[in-house]
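Dumped target_36.pdb below, it's PDB, C-alpha atoms, pLDDT in the B column:
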ATOM      1  CA  MET A   1     -28.904   3.332  24.563  1.00 77.00           C
ATOM      2  CA  ASP A   2     -28.023   6.991  24.971  1.00 77.00           C
ATOM      3  CA  PRO A   3     -26.874   9.081  21.974  1.00 76.00           C
ATOM      4  CA  ILE A   4     -23.357   9.647  23.337  1.00 80.00           C
ATOM      5  CA  THR A   5     -22.720   5.899  23.572  1.00 87.00           C
ATOM      6  CA  ILE A   6     -24.009   5.346  20.047  1.00 86.00           C
ATOM      7  CA  VAL A   7     -21.872   8.209  18.710  1.00 84.00           C
ATOM      8  CA  HIS A   8     -18.872   6.616  20.424  1.00 89.00           C
ATOM      9  CA  ILE A   9     -19.710   3.258  18.836  1.00 93.00           C
ATOM     10  CA  ILE A  10     -20.226   4.536  15.291  1.00 90.00           C
ATOM     11  CA  THR A  11     -17.205   6.841  15.241  1.00 90.00           C
ATOM     12  CA  ASP A  12     -14.726   4.004  15.618  1.00 95.00           C
ATOM     13  CA  PRO A  13     -12.885   4.114  12.249  1.00 96.00           C
ATOM     14  CA  THR A  14     -13.579   0.474  11.327  1.00 97.00           C
ATOM     15  CA  ARG A  15     -17.215   0.580  12.359  1.00 96.00           C
ATOM     16  CA  TYR A  16     -17.646   3.875  10.514  1.00 95.00           C
ATOM     17  CA  LYS A  17     -16.298   2.286   7.315  1.00 97.00           C
ATOM     18  CA  ILE A  18     -18.656  -0.659   7.781  1.00 97.00           C
ATOM     19  CA  LEU A  19     -21.629   1.676   8.259  1.00 95.00           C
ATOM     20  CA  THR A  20     -20.657   3.692   5.201  1.00 94.00           C
ATOM     21  CA  LEU A  21     -20.799   0.490   3.136  1.00 96.00           C
ATOM     22  CA  LEU A  22     -24.069  -0.596   4.710  1.00 96.00           C
ATOM     23  CA  MET A  23     -25.654   2.773   3.933  1.00 93.00           C
ATOM     24  CA  GLU A  24     -25.181   1.958   0.235  1.00 94.00           C
ATOM     25  CA  ARG A  25     -26.827  -1.475   0.430  1.00 94.00           C
ATOM     26  CA  HIS A  26     -26.990  -4.633   2.520  1.00 95.00           C
ATOM     27  CA  PHE A  27     -23.890  -6.809   2.794  1.00 96.00           C
ATOM     28  CA  CYS A  28     -22.832 -10.008   4.509  1.00 96.00           C
ATOM     29  CA  VAL A  29     -19.712 -10.248   6.678  1.00 96.00           C
ATOM     30  CA  ARG A  30     -17.729 -11.888   3.870  1.00 96.00           C
ATOM     31  CA  ALA A  31     -18.519  -9.066   1.414  1.00 97.00           C
ATOM     32  CA  VAL A  32     -17.654  -6.371   3.958  1.00 97.00           C
ATOM     33  CA  SER A  33     -14.425  -8.205   4.734  1.00 97.00           C
ATOM     34  CA  LYS A  34     -13.393  -8.296   1.080  1.00 97.00           C
ATOM     35  CA  LYS A  35     -14.413  -4.693   0.384  1.00 97.00           C
ATOM     36  CA  LEU A  36     -12.521  -3.312   3.386  1.00 97.00           C
ATOM     37  CA  GLY A  37      -9.574  -5.728   3.367  1.00 97.00           C
ATOM     38  CA  ILE A  38     -10.262  -6.772   6.959  1.00 97.00           C
ATOM     39  CA  SER A  39     -10.482 -10.351   8.205  1.00 97.00           C
ATOM     40  CA  GLU A  40     -13.936 -11.887   8.530  1.00 96.00           C
ATOM     41  CA  PRO A  41     -13.548 -12.457  12.301  1.00 97.00           C
ATOM     42  CA  ALA A  42     -12.616  -8.781  12.773  1.00 97.00           C
ATOM     43  CA  VAL A  43     -15.617  -7.641  10.714  1.00 97.00           C
ATOM     44  CA  SER A  44     -17.877 -10.043  12.596  1.00 96.00           C
ATOM     45  CA  GLN A  45     -16.669  -8.670  15.929  1.00 97.00           C
ATOM     46  CA  GLN A  46     -17.399  -5.082  14.833  1.00 97.00           C
ATOM     47  CA  MET A  47     -20.803  -6.103  13.450  1.00 96.00           C
ATOM     48  CA  ASN A  48     -21.699  -7.651  16.813  1.00 96.00           C
ATOM     49  CA  ILE A  49     -20.951  -4.369  18.561  1.00 97.00           C
ATOM     50  CA  LEU A  50     -23.135  -2.504  16.050  1.00 96.00           C
ATOM     51  CA  LYS A  51     -25.904  -5.105  16.402  1.00 96.00           C
ATOM     52  CA  LYS A  52     -25.913  -4.955  20.208  1.00 95.00           C
ATOM     53  CA  ALA A  53     -26.245  -1.164  19.993  1.00 93.00           C
ATOM     54  CA  GLY A  54     -29.140  -1.579  17.569  1.00 93.00           C
ATOM     55  CA  VAL A  55     -27.357   0.387  14.848  1.00 94.00           C
ATOM     56  CA  ILE A  56     -27.604  -2.478  12.359  1.00 96.00           C
ATOM     57  CA  THR A  57     -30.015  -5.348  11.866  1.00 96.00           C
ATOM     58  CA  GLY A  58     -29.530  -8.636  10.086  1.00 94.00           C
ATOM     59  CA  SER A  59     -31.704 -10.857   7.956  1.00 94.00           C
ATOM     60  CA  LYS A  60     -30.906 -14.284   6.613  1.00 94.00           C
ATOM     61  CA  MET A  61     -30.495 -14.470   2.825  1.00 92.00           C
ATOM     62  CA  GLY A  62     -29.608 -17.960   1.685  1.00 91.00           C
ATOM     63  CA  TYR A  63     -26.727 -19.193   3.812  1.00 91.00           C
ATOM     64  CA  HIS A  64     -25.542 -15.756   4.895  1.00 91.00           C
ATOM     65  CA  MET A  65     -26.764 -13.049   7.225  1.00 94.00           C
ATOM     66  CA  HIS A  66     -27.038  -9.694   5.466  1.00 96.00           C
ATOM     67  CA  TYR A  67     -26.894  -6.491   7.466  1.00 97.00           C
ATOM     68  CA  THR A  68     -28.553  -3.111   7.016  1.00 96.00           C
ATOM     69  CA  VAL A  69     -28.398   0.141   8.969  1.00 95.00           C
ATOM     70  CA  ASN A  70     -31.260   0.857  11.352  1.00 94.00           C
ATOM     71  CA  THR A  71     -31.889   4.308   9.895  1.00 91.00           C
ATOM     72  CA  ASP A  72     -34.717   5.042  12.349  1.00 91.00           C
ATOM     73  CA  LEU A  73     -32.354   4.626  15.295  1.00 87.00           C
ATOM     74  CA  VAL A  74     -29.539   6.581  13.639  1.00 83.00           C
ATOM     75  CA  ASN A  75     -31.853   9.462  12.675  1.00 85.00           C
ATOM     76  CA  ASP A  76     -33.336   9.545  16.182  1.00 86.00           C
ATOM     77  CA  MET A  77     -29.864   9.481  17.740  1.00 81.00           C
ATOM     78  CA  ILE A  78     -28.701  12.365  15.528  1.00 79.00           C
ATOM     79  CA  ARG A  79     -31.812  14.359  16.500  1.00 83.00           C
ATOM     80  CA  GLN A  80     -31.250  13.707  20.225  1.00 81.00           C
ATOM     81  CA  PHE A  81     -27.567  14.536  19.923  1.00 76.00           C
ATOM     82  CA  ALA A  82     -28.337  17.845  18.156  1.00 79.00           C
ATOM     83  CA  GLU A  83     -31.014  18.723  20.733  1.00 80.00           C
ATOM     84  CA  GLY A  84     -28.482  18.101  23.489  1.00 74.00           C
ATOM     85  CA  PHE A  85     -26.240  20.778  22.043  1.00 72.00           C
ATOM     86  CA  THR A  86     -28.922  23.355  21.399  1.00 71.00           C
ATOM     87  CA  SER A  87     -31.148  22.878  24.452  1.00 68.00           C
ATOM     88  CA  GLY A  88     -28.802  24.627  26.870  1.00 63.00           C
ATOM     89  CA  TYR A  89     -27.708  27.396  24.525  1.00 61.00           C
ATOM     90  CA  LYS A  90     -29.029  30.863  25.246  1.00 61.00           C
ATOM     91  CA  LYS A  91     -28.701  33.556  22.620  1.00 59.00           C
ATOM     92  CA  GLU A  92     -28.729  36.144  25.420  1.00 55.00           C
ATOM     93  CA  ALA A  93     -25.547  34.618  26.849  1.00 56.00           C
ATOM     94  CA  GLU A  94     -23.566  36.243  24.047  1.00 59.00           C
ATOM     95  CA  THR A  95     -24.274  39.717  25.457  1.00 56.00           C
ATOM     96  CA  GLU A  96     -24.258  39.019  29.192  1.00 62.00           C
ATOM     97  CA  GLU A  97     -21.468  40.205  31.411  1.00 65.00           C
ATOM     98  CA  CYS A  98     -18.719  37.672  32.063  1.00 65.00           C
ATOM     99  CA  ILE A  99     -19.211  35.698  35.266  1.00 66.00           C
ATOM    100  CA  CYS A 100     -16.059  33.624  35.060  1.00 69.00           C
ATOM    101  CA  GLU A 101     -14.067  32.841  38.149  1.00 64.00           C
ATOM    102  CA  TYR A 102     -11.724  35.766  37.424  1.00 64.00           C
ATOM    103  CA  GLU A 103     -14.572  38.283  37.389  1.00 61.00           C
ATOM    104  CA  CYS A 104     -12.976  40.103  34.480  1.00 65.00           C
ATOM    105  CA  GLY A 105     -16.178  41.966  33.664  1.00 57.00           C
ATOM    106  CA  LYS A 106     -15.683  41.479  29.950  1.00 59.00           C
ATOM    107  CA  LYS A 107     -18.524  40.817  27.583  1.00 54.00           C
ATOM    108  CA  HIS A 108     -18.398  37.711  25.404  1.00 49.00           C
TER     109      HIS A 108
END
As structure tokens, the full file:
Amino acid sequence: MDPITIVHIITDPTRYKILTLLMERHFCVRAVSKKLGISEPAVSQQMNILKKAGVITGSKMGYHMHYTVNTDLVNDMIRQFAEGFTSGYKKEAETEECICEYECGKKH
């Protein structure tokens, strides 16, 4: 999945809150639901979106599935996202003449 899609997924306010909790430690849906004051079905739905994107993984502990953040994927996504911003940037562009459609001739 491309970094932009993952950023879109993790910046949803509810999913962001879930990820913030899961960065502290693993939790099951019931625990996340109680901590955030959101219904279990709503948490489960958000967890499924995060799971499909590969942002979280689950492992069975007793009767419940506990979820953790896939830090390798998140770190890689952040790196790719940052590279996307810096790869096209040219330091020289700050001193070049303006080539905008108005041909104002101003320097940036």
Give me the residues within 6 Å of region 48-57 of chain A as a compact mmCIF listing (two decimals) with C-alpha atoms, in the frame of the given file, counting only C-alpha atoms and dropping any in the same chain fewer than 4 places off.
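Now in out-v1.txt:
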# COMPACT_ATOMS: atom_id res chain seq x y z
CA TYR A 67 -26.89 -6.49 7.47
CA THR A 68 -28.55 -3.11 7.02
CA VAL A 69 -28.40 0.14 8.97
CA ASN A 70 -31.26 0.86 11.35
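When you apply the PyMOL selection byres ((chain A and resi 25) around 10) to this structure, what comes back is Leu19, Thr20, Leu21, Leu22, Met23, Glu24, His26, Phe27, His66, Tyr67, Thr68 and Val69 of chain A.
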Surrounding residues of Leu36 (chain A) excluding itself and chain neighbours under 2 positions, 10 Å, only C-alpha atoms, as a PyMOL selection string
chain A and resi 14+17-18+21+31-34+38-39+43
Quick one: pull the distance between CA of Phe81 (chain A) and CA of Pro3 (chain A), Å, one decimal.
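Computing the Euclidean distance for CA of Phe81 (chain A) and CA of Pro3 (chain A) yields 5.9 Å.
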In Å, with one decimal, what is the gap from CA of Cys28 (chain A) to CA of Met47 (chain A)?
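Rounded to one decimal, the two atoms are 10.0 Å apart.
Counting all atoms listed in the file, the residue from A:Ile10, A:Gly37, A:Tyr16, A:Tyr63 that sits nearest to Ile78 (chain A) is A:Ile10.
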CA of Asp76 (chain A) to CA of Asp2 (chain A): how many Å, to one decimal?
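Atom-to-atom, CA of Asp76 (chain A) to CA of Asp2 (chain A), that is 10.6 Å.
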